[in-house]
Amino acid sequence: MSQEELPEVTLRDMYSDYFLDYASYVILERAVPYVEDGLKPVQRRILHSLNELDDGRYNKVANVVGNTMKYHPHGDASIGDAMVGLGQKELLIDTQGNWGNVLTGDRAAAPRYIEARLTPFAKDITFNPKTTVWTASYDGRNQEPVCLPVKFPLLLAQGVEGIAVGLACKILPHNFNELIDGCISILRKEVVDIYPDFQTGCIMDASDYRDGLRGGKVRVRARIEIDSKKLLRIIEVPYGTTTGGLMDNIVNANEKGKIKISKVVDNTAANAEILVHLPVGVEPEVARDALYAFTDCEVSISPNSCVIHEGKPKFMGVNDILKHSAFHTKDLLQKELEIRLAELNDKWHFSSLEKIFIENEIYLKMKQCSSMEEVISVIDEGLTPFKKLLLREVMEDDIVKLSKLPFLRMTKFDSTKADEALRALEDSIAEVEKHLNSLTRYTISYFKNLQKKYGTGRERKTVISSFEKVDRTQVVVANETLFIDRKNGFAGFGLKKEEPLEKCSELDDFIVIGTDGKMKVMKIAEKLFVGKRPQHIAVFRKDEDKVYSVIYREGREGPVRAKRFKIGGVTRDKEYDLATESKGTRILYFAVHENEAESNDNVVLVHLKAQLRLRNLARPFKFEDIAVKGRGVRGNLVTKHGVDRVVRAPKNQELDLGES
């Protein structure tokens, strides 16, 4: 093709095509597992390579990695890391040497120092060349499996995590025995619901699991025991965390003042053990809740169940994956039985031919034959009277095979043993046909045998529970002080030289109420402008039952009103009006009480401005006479006269309740 005839391709088209090709390759060939066998391509190639090298003895991981590179078109590091990940799951690979530690996060030794071989479980469920579909490797020199014929929900047992181009996959591991029970229930047409189970144990709230699909989440907590008033013991860590990382996280939270501990010690060996020592005055229950609130002792995990199904990525819930696996196992067992039945029928057919051929001395007629064609013709003619006894037609290959029987075997032929062998074959054929006729029962029996053989010691480690999220503001250590600079109108925990108000933490909110009746709730900071000479400023907590008592003047010359209220729900940094929104509105009296009963005892004296005919200028006002309402109410009228000041009435003093 000449240069003039070449099609014109724009850079945009090239980018689009190449990017899609690359994205498809990463999704299908690297990051996302196939639903049929639950394996990523690198994991499948590692297992195939281990099976290829298997002789019952351990193999150096470096040798397995090298052999796998015949099938995997990437570096040895990715193969080695994937193999260590498989080995640490303790399901398919029998390991020897230092394979790292999922509790501490320690890495495995170099591949030349550690060894591996397939577990008996892996050999039982994973390999069968007769039911495997094969394809050429990347360089065309070898054959590798498209999918391994896995007869077990391996994907759900191991879990998987992968990031592709524009697509991610995260399937959490589930319990071995529960998966088998689930498969049996599915085959019996019963409803199944499965939940994750982690190697590290821990406590899990899966109320929002949503079948492992995108948008769901599980919250997992470390198991923390209270040894004494001064000691907490962490004996199980959340999935995805390590003891070393968790200990650093605890120390960091302590340094930031979010929790209060004296020291933390990591004693992890075969099992997790982190000792958290508490200082004097810290309650162990509060300290435990603070660990859940401010450290990785509680983490949230978001699953995203995505698999390759029929050559395309598909979002499937874990229960759907389990159902697919149960019926896929049934199909594989059916294929194995059909292959076995065909082999038994072929063996019975030839054994019957051999018996007829030898007992009727048909082989003696071969002496007069001068060519292979004559031999085939003579043998076929000799078998003709007996063909009706056979299950299928006699093929030329059968006759050729008969013609090549060793002479010694024919002379020492034992009819009795031949009959016994045929009866044994017929019994085996009948048994296989029985299994094929009751395939569901046979599949259930297969799963039960797997559980009996390999289920011991694989009981659930993660406790399924339900727990509320710890309110951080309730357990945070109040290690700061709220200060106010009334003159310049600033407040915060960084104004160390100004007037201290109360202890607080960096997570707290504080409320500011100005003399004009404007209210705002803000996040505590180092320094914030709150307005000059605010009427009230304090740490604000939503769950408090405080009652606020206010007397204010509407506008510059309006009537004076009183009200009692609770703050209720607020939006941070939004300004609210506690008094009428009129220019010149001013709060004349303000008080805060812990509860309504305390506010009922609040009595004030309202001092009126001197005016003609006003006889009593100091009038008492009892707040118990007005109801506690919401902050937005206008309030009850106190007086229309001008008010000079409002003061709290002295206790044990008789009040003149007369009117002018």
# chains A, B, ... in the order shown; residues from 1 in each chain; ligands from 1
call {"tool": "residues_around", "arguments": {"residues": "stretch 521-534 of chain A", "least_positions_apart": "3", "cutoff": "8 Å", "atoms": "only C-alpha atoms", "output": "list in words"}}
result
Arg486, Lys487, Asn488, Gly489, Phe490, Ala491, Gly492, Phe493, Gly494, Leu495, Ser505, Glu506, Leu507, Asp508, Asp509, Phe510, Ile511, Val512, Ile513, Gly514, Thr515, Ile537, Phe540, Val570, Thr571, Arg572, Asp573, Lys574 and Glu575 of chain A
call {"tool": "residues_around", "arguments": {"residues": "A:Lys452", "least_positions_apart": "4", "cutoff": "12 Å", "atoms": "only C-alpha atoms", "output": "PyMOL selection string"}}
result
chain A and resi 121+176-177+180-181+445-448+456-458
call {"tool": "residues_around", "arguments": {"residues": "A:Glu381", "least_positions_apart": "6", "cutoff": "12 Å", "atoms": "only C-alpha atoms", "output": "PyMOL selection string"}}
result
chain A and resi 357+362-363+365-366+374-375+387+394+399
call {"tool": "write_last_selection", "arguments": {"atoms": "C-alpha atoms", "output": "CSV table (one decimal), in the first residue's frame"}}
result
chain,number,residue,atom,x,y,z
A,357,PHE,CA,-11.1,-62.1,20.6
A,362,ILE,CA,-9.8,-65.2,16.5
A,363,TYR,CA,-6.2,-64.2,16.8
A,365,LYS,CA,-6.7,-66.6,11.9
A,366,MET,CA,-4.2,-63.7,11.6
A,374,GLU,CA,-6.4,-58.6,5.6
A,375,VAL,CA,-5.8,-58.8,9.4
A,387,LYS,CA,-21.3,-57.4,17.9
A,394,VAL,CA,-16.6,-51.8,16.6
A,399,ILE,CA,-9.4,-53.9,15.7
call {"tool": "residues_around", "arguments": {"residues": "stretch 251-254 of chain A", "least_positions_apart": "6", "cutoff": "7 Å", "atoms": "only C-alpha atoms", "output": "ChimeraX atom specification"}}
result
/A:260-261,294-295
call {"tool": "residues_around", "arguments": {"residues": "A:Ser549", "least_positions_apart": "4", "cutoff": "6 Å", "atoms": "only C-alpha atoms", "output": "PyMOL selection string"}}
result
chain A and resi 564+590-591
call {"tool": "write_last_selection", "arguments": {"atoms": "N, CA, C and O atoms", "output": "PDB file, in the first residue's frame"}}
result
ATOM      1  N   ARG A 564     -38.026  32.202  77.767  1.00  0.00           N
ATOM      2  CA  ARG A 564     -37.154  31.075  78.145  1.00  0.00           C
ATOM      3  C   ARG A 564     -37.136  30.101  76.973  1.00  0.00           C
ATOM      4  O   ARG A 564     -38.183  29.802  76.386  1.00  0.00           O
ATOM      5  N   PHE A 590     -29.516  38.320  80.787  1.00  0.00           N
ATOM      6  CA  PHE A 590     -29.232  37.013  80.176  1.00  0.00           C
ATOM      7  C   PHE A 590     -28.749  36.055  81.267  1.00  0.00           C
ATOM      8  O   PHE A 590     -27.917  36.418  82.112  1.00  0.00           O
ATOM      9  N   ALA A 591     -29.302  34.832  81.251  1.00  0.00           N
ATOM     10  CA  ALA A 591     -28.872  33.813  82.223  1.00  0.00           C
ATOM     11  C   ALA A 591     -28.981  32.432  81.582  1.00  0.00           C
ATOM     12  O   ALA A 591     -29.847  32.194  80.729  1.00  0.00           O
TER      13      ALA A 591
END
